[in-house]
file model_13.cif (mmCIF, C-alpha atoms)
data_run
loop_
_atom_site.group_PDB
_atom_site.id
_atom_site.type_symbol
_atom_site.label_atom_id
_atom_site.label_comp_id
_atom_site.auth_asym_id
_atom_site.auth_seq_id
_atom_site.Cartn_x
_atom_site.Cartn_y
_atom_site.Cartn_z
ATOM 1 C CA MET H 1 102.328 98.595 91.466
ATOM 2 C CA SER H 2 98.548 98.429 91.926
ATOM 3 C CA LYS H 3 98.448 95.424 89.590
ATOM 4 C CA GLN H 4 101.044 93.605 91.717
ATOM 5 C CA ILE H 5 99.074 94.422 94.882
ATOM 6 C CA GLY H 6 95.937 93.051 93.205
ATOM 7 C CA ILE H 7 97.745 89.814 92.332
ATOM 8 C CA VAL H 8 98.919 89.436 95.929
ATOM 9 C CA HIS H 9 95.417 90.045 97.271
ATOM 10 C CA ALA H 10 93.973 87.503 94.814
ATOM 11 C CA GLY H 11 96.602 84.959 95.862
ATOM 12 C CA VAL H 12 95.780 85.461 99.536
ATOM 13 C CA THR H 13 92.098 84.948 98.793
ATOM 14 C CA VAL H 14 92.770 81.724 96.858
ATOM 15 C CA VAL H 15 94.924 80.308 99.663
ATOM 16 C CA ALA H 16 92.323 81.299 102.249
ATOM 17 C CA ALA H 17 89.569 79.677 100.170
ATOM 18 C CA ALA H 18 91.515 76.398 99.890
ATOM 19 C CA ALA H 19 92.263 76.405 103.626
ATOM 20 C CA PHE H 20 88.586 77.058 104.330
ATOM 21 C CA VAL H 21 87.428 74.084 102.242
ATOM 22 C CA LEU H 22 89.919 71.719 103.911
ATOM 23 C CA SER H 23 89.158 72.980 107.425
ATOM 24 C CA TRP H 24 85.390 72.866 106.931
ATOM 25 C CA SER H 25 85.571 69.345 105.470
ATOM 26 C CA SER H 26 87.470 68.081 108.512
ATOM 27 C CA GLY H 27 84.482 69.028 110.659
ATOM 28 C CA PHE H 28 82.482 66.191 109.058
ATOM 29 C CA LEU H 29 85.226 63.583 109.256
ATOM 30 C CA VAL H 30 86.581 63.938 112.783
ATOM 31 C CA PRO H 31 83.261 63.139 114.550
ATOM 32 C CA ALA H 32 82.911 59.955 112.464
ATOM 33 C CA ILE H 33 86.449 58.877 113.378
ATOM 34 C CA ALA H 34 86.719 60.061 116.976
ATOM 35 C CA THR H 35 83.297 59.206 118.420
ATOM 36 C CA VAL H 36 83.364 55.426 118.114
ATOM 37 C CA ASP H 37 83.832 54.979 121.883
ATOM 38 C CA VAL H 38 82.584 58.341 123.148
ATOM 39 C CA SER H 39 79.426 60.410 122.795
ATOM 40 C CA PRO H 40 79.598 62.966 119.962
ATOM 41 C CA LEU H 41 78.172 65.492 122.423
ATOM 42 C CA THR H 42 81.156 64.978 124.729
ATOM 43 C CA LEU H 43 83.576 65.697 121.897
ATOM 44 C CA LEU H 44 81.532 68.734 120.893
ATOM 45 C CA VAL H 45 81.601 70.204 124.418
ATOM 46 C CA TRP H 46 85.361 69.819 124.782
ATOM 47 C CA ARG H 47 85.901 71.156 121.278
ATOM 48 C CA PHE H 48 84.431 74.488 122.387
ATOM 49 C CA VAL H 49 84.980 74.964 126.137
ATOM 50 C CA PRO H 50 88.826 75.090 126.190
ATOM 51 C CA LEU H 51 88.880 77.174 122.992
ATOM 52 C CA ALA H 52 86.455 79.684 124.524
ATOM 53 C CA VAL H 53 88.779 80.117 127.531
ATOM 54 C CA VAL H 54 91.794 80.639 125.251
ATOM 55 C CA LEU H 55 90.025 83.122 122.967
ATOM 56 C CA LEU H 56 88.658 85.139 125.896
ATOM 57 C CA ALA H 57 92.175 85.370 127.322
ATOM 58 C CA VAL H 58 93.612 86.487 123.959
ATOM 59 C CA VAL H 59 90.923 89.148 123.505
ATOM 60 C CA ALA H 60 91.455 90.435 127.059
ATOM 61 C CA PHE H 61 95.250 90.546 126.613
ATOM 62 C CA THR H 62 95.182 92.273 123.210
ATOM 63 C CA GLY H 63 92.303 94.644 123.935
ATOM 64 C CA ALA H 64 90.657 93.539 120.703
ATOM 65 C CA ALA H 65 87.200 94.104 122.182
ATOM 66 C CA SER H 66 87.802 97.813 122.757
ATOM 67 C CA GLY H 67 84.840 99.786 121.472
ATOM 68 C CA VAL H 68 82.569 96.745 121.184
ATOM 69 C CA THR H 69 79.105 97.626 122.503
ATOM 70 C CA ARG H 70 76.555 95.474 124.274
ATOM 71 C CA ALA H 71 74.416 95.599 121.143
ATOM 72 C CA ASP H 72 77.349 94.174 119.137
ATOM 73 C CA VAL H 73 77.729 91.350 121.666
ATOM 74 C CA ARG H 74 73.997 90.571 121.591
ATOM 75 C CA ASN H 75 73.938 90.497 117.786
ATOM 76 C CA GLN H 76 76.975 88.238 117.551
ATOM 77 C CA ALA H 77 75.690 85.996 120.344
ATOM 78 C CA LEU H 78 72.490 85.380 118.375
ATOM 79 C CA ILE H 79 74.461 84.684 115.201
ATOM 80 C CA GLY H 80 76.727 82.288 117.102
ATOM 81 C CA LEU H 81 73.762 80.333 118.458
ATOM 82 C CA PHE H 82 72.648 79.592 114.908
ATOM 83 C CA ALA H 83 75.943 79.403 113.018
ATOM 84 C CA GLN H 84 77.932 77.377 115.566
ATOM 85 C CA PHE H 85 75.753 75.877 118.297
ATOM 86 C CA GLY H 86 72.834 74.957 116.035
ATOM 87 C CA TYR H 87 74.943 73.972 113.040
ATOM 88 C CA CYS H 88 77.567 71.881 114.842
ATOM 89 C CA THR H 89 75.070 70.151 117.133
ATOM 90 C CA ALA H 90 72.933 69.112 114.154
ATOM 91 C CA VAL H 91 75.945 67.855 112.155
ATOM 92 C CA TYR H 92 77.191 65.767 115.074
ATOM 93 C CA ALA H 93 73.688 64.394 115.656
ATOM 94 C CA ALA H 94 73.439 63.376 111.977
ATOM 95 C CA ILE H 95 76.738 61.516 112.091
ATOM 96 C CA ALA H 96 75.814 59.882 115.416
ATOM 97 C CA GLU H 97 72.582 58.611 113.788
ATOM 98 C CA GLY H 98 74.595 56.933 111.030
ATOM 99 C CA VAL H 99 74.284 59.440 108.191
ATOM 100 C CA ALA H 100 77.427 59.149 106.052
ATOM 101 C CA THR H 101 79.873 62.045 106.142
ATOM 102 C CA GLY H 102 79.558 62.669 102.416
ATOM 103 C CA THR H 103 75.764 62.612 102.606
ATOM 104 C CA THR H 104 75.809 65.093 105.486
ATOM 105 C CA ALA H 105 78.104 67.319 103.455
ATOM 106 C CA LEU H 106 75.794 66.933 100.443
ATOM 107 C CA ILE H 107 72.755 68.285 102.269
ATOM 108 C CA ASP H 108 74.930 71.036 103.710
ATOM 109 C CA ALA H 109 76.134 71.881 100.206
ATOM 110 C CA VAL H 110 72.580 72.613 99.038
ATOM 111 C CA GLN H 111 73.002 75.836 101.034
ATOM 112 C CA PRO H 112 74.410 77.865 98.095
ATOM 113 C CA LEU H 113 71.264 77.305 96.031
ATOM 114 C CA VAL H 114 69.028 78.294 98.940
ATOM 115 C CA VAL H 115 71.173 81.356 99.608
ATOM 116 C CA ALA H 116 71.156 82.301 95.922
ATOM 117 C CA MET H 117 67.360 82.269 95.928
ATOM 118 C CA LEU H 118 67.181 84.363 99.108
ATOM 119 C CA VAL H 119 69.860 87.043 98.590
ATOM 120 C CA GLY H 120 67.532 89.052 96.359
ATOM 121 C CA PRO H 121 64.498 89.419 98.631
ATOM 122 C CA LEU H 122 66.482 89.461 101.897
ATOM 123 C CA LEU H 123 69.646 91.391 101.031
ATOM 124 C CA GLY H 124 68.727 93.218 97.840
ATOM 125 C CA LEU H 125 71.615 91.540 95.977
ATOM 126 C CA ARG H 126 71.450 90.177 92.459
ATOM 127 C CA VAL H 127 72.555 86.682 91.440
ATOM 128 C CA ARG H 128 73.562 86.867 87.774
ATOM 129 C CA GLY H 129 72.839 84.337 85.042
ATOM 130 C CA ALA H 130 76.388 82.963 84.956
ATOM 131 C CA GLN H 131 76.308 82.500 88.723
ATOM 132 C CA TRP H 132 73.030 80.585 88.518
ATOM 133 C CA VAL H 133 74.588 78.314 85.884
ATOM 134 C CA GLY H 134 77.607 77.685 88.102
ATOM 135 C CA LEU H 135 75.459 76.984 91.154
ATOM 136 C CA VAL H 136 73.273 74.504 89.277
ATOM 137 C CA VAL H 137 76.317 72.736 87.763
ATOM 138 C CA GLY H 138 77.928 72.562 91.190
ATOM 139 C CA ALA H 139 74.752 71.140 92.717
ATOM 140 C CA GLY H 140 74.707 68.441 90.040
ATOM 141 C CA GLY H 141 78.292 67.565 90.893
ATOM 142 C CA VAL H 142 77.478 67.296 94.582
ATOM 143 C CA LEU H 143 74.576 64.940 93.847
ATOM 144 C CA LEU H 144 76.850 62.670 91.818
ATOM 145 C CA VAL H 145 79.567 62.681 94.488
ATOM 146 C CA VAL H 146 77.336 61.213 97.183
ATOM 147 C CA ARG H 147 74.945 59.143 95.089
ATOM 148 C CA SER H 148 76.518 55.803 95.973
ATOM 149 C CA GLN H 149 76.614 56.702 99.672
ATOM 150 C CA LEU H 150 72.843 57.166 99.743
ATOM 151 C CA ASP H 151 72.367 53.587 98.527
ATOM 152 C CA ASP H 152 74.571 52.164 101.298
ATOM 153 C CA SER H 153 73.169 54.238 104.170
ATOM 154 C CA THR H 154 71.602 52.419 107.130
ATOM 155 C CA ALA H 155 70.396 55.552 108.919
ATOM 156 C CA HIS H 156 66.706 55.999 109.723
ATOM 157 C CA PRO H 157 65.007 58.373 107.248
ATOM 158 C CA ALA H 158 64.271 60.821 110.096
ATOM 159 C CA ALA H 159 68.027 61.155 110.696
ATOM 160 C CA TYR H 160 68.312 63.148 107.468
ATOM 161 C CA LEU H 161 66.431 65.995 109.130
ATOM 162 C CA TRP H 162 69.574 66.724 111.189
ATOM 163 C CA PRO H 163 71.813 67.825 108.277
ATOM 164 C CA ALA H 164 68.864 69.783 106.871
ATOM 165 C CA LEU H 165 68.557 71.557 110.229
ATOM 166 C CA ALA H 166 72.317 72.217 110.203
ATOM 167 C CA MET H 167 72.027 73.833 106.781
ATOM 168 C CA ALA H 168 69.101 75.985 107.937
ATOM 169 C CA CYS H 169 70.984 77.165 111.035
ATOM 170 C CA LEU H 170 74.073 78.183 109.044
ATOM 171 C CA ILE H 171 71.949 80.007 106.468
ATOM 172 C CA ILE H 172 70.167 81.975 109.196
ATOM 173 C CA GLY H 173 73.460 82.828 110.896
ATOM 174 C CA THR H 174 75.027 83.905 107.593
ATOM 175 C CA PHE H 175 72.134 86.187 106.665
ATOM 176 C CA LEU H 176 72.053 87.706 110.148
ATOM 177 C CA GLN H 177 75.782 88.428 109.889
ATOM 178 C CA ARG H 178 75.444 89.873 106.387
ATOM 179 C CA ARG H 179 72.544 92.152 107.400
ATOM 180 C CA SER H 180 74.061 93.335 110.680
ATOM 181 C CA ALA H 181 77.017 95.301 109.209
ATOM 182 C CA PRO H 182 79.239 93.885 111.990
ATOM 183 C CA ARG H 183 81.644 96.251 113.732
ATOM 184 C CA THR H 184 83.524 93.454 115.451
ATOM 185 C CA GLY H 185 86.706 92.048 113.929
ATOM 186 C CA THR H 186 87.069 88.366 113.065
ATOM 187 C CA LEU H 187 88.803 87.570 116.386
ATOM 188 C CA VAL H 188 86.095 89.155 118.547
ATOM 189 C CA THR H 189 83.322 87.714 116.366
ATOM 190 C CA LEU H 190 84.764 84.224 116.678
ATOM 191 C CA THR H 191 85.311 84.629 120.422
ATOM 192 C CA ILE H 192 81.673 85.575 121.015
ATOM 193 C CA HIS H 193 80.394 82.725 118.852
ATOM 194 C CA VAL H 194 82.613 80.105 120.503
ATOM 195 C CA THR H 195 81.843 81.334 124.020
ATOM 196 C CA VAL H 196 78.076 81.354 123.474
ATOM 197 C CA THR H 197 78.270 77.867 121.973
ATOM 198 C CA ALA H 198 80.333 76.558 124.901
ATOM 199 C CA VAL H 199 77.911 78.050 127.439
ATOM 200 C CA ALA H 200 74.931 76.500 125.619
ATOM 201 C CA LEU H 201 76.562 73.077 125.249
ATOM 202 C CA VAL H 202 77.555 72.540 128.899
ATOM 203 C CA PRO H 203 74.012 72.215 130.354
ATOM 204 C CA VAL H 204 72.863 70.136 127.377
ATOM 205 C CA ALA H 205 75.764 67.720 127.865
ATOM 206 C CA ALA H 206 75.108 67.587 131.608
ATOM 207 C CA ILE H 207 71.449 66.661 131.039
ATOM 208 C CA PHE H 208 72.427 63.794 128.716
ATOM 209 C CA GLY H 209 75.291 62.609 130.945
ATOM 210 C CA ALA H 210 77.910 63.469 128.356
ATOM 211 C CA LEU H 211 79.825 66.208 130.154
ATOM 212 C CA ILE H 212 82.711 64.221 131.697
ATOM 213 C CA PRO H 213 85.519 63.620 129.160
ATOM 214 C CA PRO H 214 87.341 60.270 128.998
ATOM 215 C CA ALA H 215 90.949 60.006 130.182
ATOM 216 C CA SER H 216 92.151 59.282 126.660
ATOM 217 C CA VAL H 217 94.994 60.895 124.744
ATOM 218 C CA ALA H 218 93.192 60.185 121.467
ATOM 219 C CA PHE H 219 90.095 62.029 122.698
ATOM 220 C CA TRP H 220 92.058 65.148 123.634
ATOM 221 C CA LEU H 221 93.948 65.078 120.345
ATOM 222 C CA ALA H 222 90.616 64.941 118.515
ATOM 223 C CA SER H 223 89.245 67.765 120.668
ATOM 224 C CA GLY H 224 92.309 69.895 119.982
ATOM 225 C CA PHE H 225 92.130 69.185 116.257
ATOM 226 C CA THR H 226 88.450 70.111 115.997
ATOM 227 C CA ALA H 227 89.050 73.278 118.010
ATOM 228 C CA ALA H 228 91.954 74.341 115.791
ATOM 229 C CA PHE H 229 90.663 73.454 112.333
ATOM 230 C CA PRO H 230 86.862 73.227 111.856
ATOM 231 C CA THR H 231 86.281 75.862 114.546
ATOM 232 C CA LEU H 232 89.172 78.321 114.669
ATOM 233 C CA ALA H 233 90.353 78.069 111.058
ATOM 234 C CA GLY H 234 87.087 77.020 109.413
ATOM 235 C CA TYR H 235 84.769 79.558 111.030
ATOM 236 C CA GLY H 236 87.409 82.284 111.139
ATOM 237 C CA LEU H 237 87.941 81.960 107.388
ATOM 238 C CA TYR H 238 84.179 81.697 106.795
ATOM 239 C CA TRP H 239 83.499 85.120 108.322
ATOM 240 C CA TRP H 240 86.674 86.634 106.797
ATOM 241 C CA LEU H 241 85.801 85.381 103.303
ATOM 242 C CA LEU H 242 82.188 86.536 103.723
ATOM 243 C CA ARG H 243 83.476 90.106 104.010
ATOM 244 C CA ARG H 244 86.127 89.718 101.326
ATOM 245 C CA VAL H 245 84.408 87.853 98.455
ATOM 246 C CA GLY H 246 80.701 88.159 99.239
ATOM 247 C CA ILE H 247 77.970 85.721 100.129
ATOM 248 C CA THR H 248 77.462 84.153 96.670
ATOM 249 C CA ALA H 249 81.131 83.374 96.041
ATOM 250 C CA LEU H 250 81.621 82.085 99.584
ATOM 251 C CA ASN H 251 78.673 79.731 99.319
ATOM 252 C CA ALA H 252 79.946 78.486 95.975
ATOM 253 C CA LEU H 253 83.048 77.283 97.825
ATOM 254 C CA LEU H 254 80.804 75.083 99.974
ATOM 255 C CA PHE H 255 80.194 72.966 96.872
ATOM 256 C CA LEU H 256 83.808 71.823 97.175
ATOM 257 C CA VAL H 257 83.271 70.620 100.743
ATOM 258 C CA ALA H 258 81.120 67.637 99.705
ATOM 259 C CA PRO H 259 83.619 66.143 97.207
ATOM 260 C CA THR H 260 86.532 66.889 99.548
ATOM 261 C CA THR H 261 84.712 65.121 102.377
ATOM 262 C CA ALA H 262 83.797 62.205 100.119
ATOM 263 C CA ALA H 263 87.409 61.786 98.958
ATOM 264 C CA ALA H 264 88.727 61.849 102.523
ATOM 265 C CA GLY H 265 85.909 59.530 103.633
ATOM 266 C CA ALA H 266 86.955 57.027 100.980
ATOM 267 C CA LEU H 267 90.560 57.075 102.223
ATOM 268 C CA LEU H 268 89.880 57.140 105.963
ATOM 269 C CA LEU H 269 86.478 55.464 106.386
ATOM 270 C CA GLY H 270 86.182 53.205 103.365
ATOM 271 C CA GLU H 271 83.215 55.093 101.947
ATOM 272 C CA PRO H 272 82.571 54.434 98.219
ATOM 273 C CA LEU H 273 84.552 56.348 95.563
ATOM 274 C CA THR H 274 83.602 55.581 91.947
ATOM 275 C CA ILE H 275 83.829 56.964 88.422
ATOM 276 C CA VAL H 276 80.542 58.735 89.085
ATOM 277 C CA THR H 277 82.175 60.377 92.103
ATOM 278 C CA LEU H 278 85.105 61.598 89.993
ATOM 279 C CA LEU H 279 82.681 63.063 87.447
ATOM 280 C CA GLY H 280 80.972 64.835 90.321
ATOM 281 C CA PHE H 281 84.318 66.314 91.402
ATOM 282 C CA ALA H 282 84.769 67.766 87.916
ATOM 283 C CA LEU H 283 81.281 69.285 87.891
ATOM 284 C CA CYS H 284 81.785 70.793 91.348
ATOM 285 C CA GLY H 285 85.027 72.408 90.250
ATOM 286 C CA ALA H 286 83.436 73.759 87.068
ATOM 287 C CA GLY H 287 80.508 75.197 88.997
ATOM 288 C CA VAL H 288 82.701 76.930 91.548
ATOM 289 C CA ALA H 289 84.970 78.314 88.822
ATOM 290 C CA THR H 290 81.949 79.751 86.974
ATOM 291 C CA VAL H 291 80.608 81.513 90.055
ATOM 292 C CA LEU H 292 83.976 82.897 91.141
ATOM 293 C CA THR H 293 84.859 84.078 87.618
ATOM 294 C CA SER H 294 81.541 85.896 87.335
ATOM 295 C CA GLU H 295 82.045 87.466 90.775
ATOM 296 C CA ALA H 296 85.552 88.613 89.793
ATOM 297 C CA ARG H 297 84.273 90.232 86.581
ATOM 298 C CA VAL H 298 81.630 92.142 88.487
ATOM 299 C CA SER H 299 84.078 93.308 91.163
ATOM 300 C CA ARG H 300 86.378 94.698 88.427
ATOM 301 C CA SER H 301 83.563 96.496 86.607
ATOM 302 C CA PRO H 302 83.614 100.328 86.593
ATOM 303 C CA VAL H 303 80.315 100.495 88.493
ATOM 304 C CA ALA H 304 81.547 98.247 91.307
ATOM 305 C CA MET H 305 84.884 100.072 91.534
ATOM 306 C CA ALA H 306 83.112 103.440 91.657
ATOM 307 C CA GLY H 307 80.863 102.156 94.428
ATOM 308 C CA ARG H 308 83.871 101.066 96.495
ATOM 309 C CA ALA H 309 85.528 104.441 95.947
ATOM 310 C CA GLN H 310 82.567 106.397 97.379
#
call {"tool": "encode", "arguments": {"input": "model_13.cif", "output": "structure tokens"}}
result
Amino acid sequence: MSKQIGIVHAGVTVVAAAAFVLSWSSGFLVPAIATVDVSPLTLLVWRFVPLAVVLLAVVAFTGAASGVTRADVRNQALIGLFAQFGYCTAVYAAIAEGVATGTTALIDAVQPLVVAMLVGPLLGLRVRGAQWVGLVVGAGGVLLVVRSQLDDSTAHPAAYLWPALAMACLIIGTFLQRRSAPRTGTLVTLTIHVTVTAVALVPVAAIFGALIPPASVAFWLASGFTAAFPTLAGYGLYWWLLRRVGITALNALLFLVAPTTAAAGALLLGEPLTIVTLLGFALCGAGVATVLTSEARVSRSPVAMAGRAQ
């Protein structure tokens, strides 16, 4: 019976991981498609403001925030400022400056290597040899996936600081979350993050004259899509998977975001897709498989199982 339960749990994790990759990838594509005639900042504001109202209502109705302290809210508010406000604003700015979606995802996908180097000194965790191999292979795949896009880019060199800033913000938010031993569930965590982001975006959009939304059905469809998938599903699964599979395995999944974004960009935006890109896909998959297999072996080891039992 325990074996069957383990299989079910593994299946749920795999499905959640696939949904996370697809949802996260859509966050790079929608701004490139939906902001041709509207400011990216306008789309970003109306991605978060209505969702914040809905989530606050759900939390109030369900009582999910019962027992949450002011300290919990302050901690999650700080994490949300980095992981959602800082990250999303920088990604949208990069795309607005002409950085290709696949290139933005590439710089974002360097995050697993940075995290792998930092988990030891900051969290006291060990990244094993097999995991390092997988991370390096995955990074090589990501570089191949977006190589042709770098040649065709017309963005100013300074624009590439935006995706680097996005990566830094998400790394900071992830480490803060991992170190804080959060007592808030995924729903409350997401509600705090979305609300803080919405509150921070409104004055920024007002200053730049980007607060008023257009009377366009397409705009509201795009806003609803980005609220439901990159935000609600993407971030919800990000924090859920962080608790379930750990920081190294979760960040390995981010390697799959770049090739997924590049493939969708080729279909929807006409971005280049070559044999080199396909080879990159294979390397990304191999790297992720190596990291996840190593993580699974460790989690099944007697030492790890004894630690969970205590």
call {"tool": "closest_residue", "arguments": {"input": "model_13.cif", "among": "H:Ala264, H:Val196, H:Val204, H:Val188", "to": "Ala60 of chain H", "atoms": "all atoms listed in the file"}}
result
H:Val188
call {"tool": "residues_around", "arguments": {"input": "model_13.cif", "residues": "Gly134 of chain H", "least_positions_apart": "3", "cutoff": "8 Å", "atoms": "only C-alpha atoms", "output": "short mmCIF file (atom, residue, chain, number, x, y, z; two decimals) with C-alpha atoms, in the coordinates of the input"}}
result
data_model
loop_
_atom_site.label_atom_id
_atom_site.label_comp_id
_atom_site.auth_asym_id
_atom_site.auth_seq_id
_atom_site.Cartn_x
_atom_site.Cartn_y
_atom_site.Cartn_z
CA ALA H 130 76.39 82.96 84.96
CA GLN H 131 76.31 82.50 88.72
CA VAL H 137 76.32 72.74 87.76
CA GLY H 138 77.93 72.56 91.19
CA ALA H 286 83.44 73.76 87.07
CA GLY H 287 80.51 75.20 89.00
CA VAL H 288 82.70 76.93 91.55
CA ALA H 289 84.97 78.31 88.82
CA THR H 290 81.95 79.75 86.97
CA VAL H 291 80.61 81.51 90.06
#
call {"tool": "closest_residue", "arguments": {"input": "model_13.cif", "among": "H:Phe85, H:Phe225, H:Trp132, H:Trp24", "to": "Thr197 of chain H", "atoms": "all atoms listed in the file"}}
result
H:Phe85
call {"tool": "resolve_selection", "arguments": {"input": "model_13.cif", "expression": "the PyMOL selection byres ((chain H and resi 33) around 12)", "output": "PyMOL selection string"}}
result
chain H and resi 26-32+34-40+43+92+95-96+100-101+218-219+221-223+226+264-265+268-270
call {"tool": "resolve_selection", "arguments": {"input": "model_13.cif", "expression": "the PyMOL selection byres ((chain H and resi 227-240) around 8)", "output": "number ranges by chain"}}
result
H: 16-17, 19-21, 23-27, 47-48, 51, 186-187, 190, 223-226, 241-244, 250
call {"tool": "residues_near_point", "arguments": {"input": "model_13.cif", "point": "(84.9, 91.9, 120.2)", "cutoff": "10 Å", "atoms": "all atoms listed in the file", "output": "list in words"}}
result
Leu56, Val59, Ala60, Gly63, Ala64, Ala65, Ser66, Gly67, Val68, Thr69, Arg70, Asp72, Val73, Gln76, Arg183, Thr184, Gly185, Thr186, Leu187, Val188, Thr189, Leu190, Thr191 and Ile192 of chain H
call {"tool": "atom_distance", "arguments": {"input": "model_13.cif", "atom1": "atom CA of Leu165 of chain H", "atom2": "atom CA of Ala71 of chain H"}}
result
27.0 Å
call {"tool": "resolve_selection", "arguments": {"input": "model_13.cif", "expression": "the PyMOL selection byres ((chain H and resi 157-159) around 8)", "output": "tab-separated table (two decimals) with C-alpha atoms, in the frame of the given file"}}
result
chain	number	residue	atom	x	y	z
H	94	ALA	CA	73.44	63.38	111.98
H	97	GLU	CA	72.58	58.61	113.79
H	98	GLY	CA	74.60	56.93	111.03
H	99	VAL	CA	74.28	59.44	108.19
H	155	ALA	CA	70.40	55.55	108.92
H	156	HIS	CA	66.71	56.00	109.72
H	160	TYR	CA	68.31	63.15	107.47
H	161	LEU	CA	66.43	66.00	109.13
H	162	TRP	CA	69.57	66.72	111.19
call {"tool": "closest_residue", "arguments": {"input": "model_13.cif", "among": "H:Val142, H:Ala109, H:Leu118, H:Val15", "to": "Ala166 of chain H", "atoms": "only C-alpha atoms"}}
result
H:Ala109
call {"tool": "atom_distance", "arguments": {"input": "model_13.cif", "atom1": "atom CA of Val114 of chain H", "atom2": "atom CA of Leu170 of chain H"}}
result
11.3 Å
call {"tool": "closest_residue", "arguments": {"input": "model_13.cif", "among": "H:Gly285, H:Gly11, H:Pro213, H:Pro50", "to": "Ala198 of chain H", "atoms": "all atoms listed in the file"}}
result
H:Pro50
call {"tool": "residues_around", "arguments": {"input": "model_13.cif", "residues": "Thr174 of chain H", "least_positions_apart": "4", "cutoff": "8 Å", "atoms": "only C-alpha atoms", "output": "list in words"}}
result
Ile79, Ala83, Leu170 and Arg178 of chain H
call {"tool": "axis_aligned_box", "arguments": {"input": "model_13.cif", "around": "segment 21-39 of chain H", "padding_each_side": "3 Å", "output": "AutoDock Vina command-line options"}}
result
--center_x 84.7 --center_y 64.5 --center_z 112.7 --size_x 16.5 --size_y 25.1 --size_z 26.9
call {"tool": "closest_residue", "arguments": {"input": "model_13.cif", "among": "H:Gly102, H:Ala90, H:Thr195, H:Arg128", "to": "Ala57 of chain H", "atoms": "all atoms listed in the file"}}
result
H:Thr195
call {"tool": "atom_distance", "arguments": {"input": "model_13.cif", "atom1": "atom CA of Gly129 of chain H", "atom2": "atom CA of Asn251 of chain H"}}
result
16.1 Å
call {"tool": "closest_residue", "arguments": {"input": "model_13.cif", "among": "H:Val54, H:Ala266, H:Leu211, H:Cys284", "to": "Leu254 of chain H", "atoms": "all atoms listed in the file"}}
result
H:Cys284
call {"tool": "decode", "arguments": {"input": "model_13.cif", "residues": "segment 281-291 of chain H", "atoms": "N, CA, C and O atoms", "output": "compact mmCIF listing (two decimals), in the first residue's frame"}}
result
# COMPACT_ATOMS: atom_id res chain seq x y z
N PHE H 281 17.52 21.43 -26.49
CA PHE H 281 16.38 20.80 -25.79
C PHE H 281 16.81 19.49 -25.15
O PHE H 281 16.47 19.20 -24.00
N ALA H 282 17.55 18.68 -25.94
CA ALA H 282 17.97 17.37 -25.43
C ALA H 282 18.89 17.51 -24.22
O ALA H 282 18.77 16.78 -23.23
N LEU H 283 19.83 18.47 -24.28
CA LEU H 283 20.73 18.67 -23.16
C LEU H 283 19.99 19.17 -21.92
O LEU H 283 20.28 18.75 -20.80
N CYS H 284 19.02 20.06 -22.13
CA CYS H 284 18.22 20.54 -21.00
C CYS H 284 17.50 19.39 -20.32
O CYS H 284 17.48 19.28 -19.09
N GLY H 285 16.86 18.55 -21.12
CA GLY H 285 16.15 17.41 -20.56
C GLY H 285 17.07 16.47 -19.81
O GLY H 285 16.73 15.98 -18.73
N ALA H 286 18.26 16.22 -20.38
CA ALA H 286 19.22 15.33 -19.71
C ALA H 286 19.70 15.93 -18.39
O ALA H 286 19.84 15.21 -17.39
N GLY H 287 19.93 17.23 -18.39
CA GLY H 287 20.39 17.87 -17.16
C GLY H 287 19.36 17.82 -16.06
O GLY H 287 19.66 17.51 -14.91
N VAL H 288 18.10 18.11 -16.42
CA VAL H 288 17.03 18.07 -15.43
C VAL H 288 16.83 16.65 -14.90
O VAL H 288 16.67 16.43 -13.70
N ALA H 289 16.87 15.67 -15.80
CA ALA H 289 16.71 14.28 -15.38
C ALA H 289 17.80 13.86 -14.41
O ALA H 289 17.55 13.15 -13.43
N THR H 290 19.04 14.29 -14.65
CA THR H 290 20.16 13.96 -13.77
C THR H 290 19.95 14.52 -12.37
O THR H 290 20.13 13.84 -11.36
N VAL H 291 19.56 15.79 -12.31
CA VAL H 291 19.35 16.43 -11.01
C VAL H 291 18.20 15.77 -10.25
O VAL H 291 18.31 15.46 -9.06
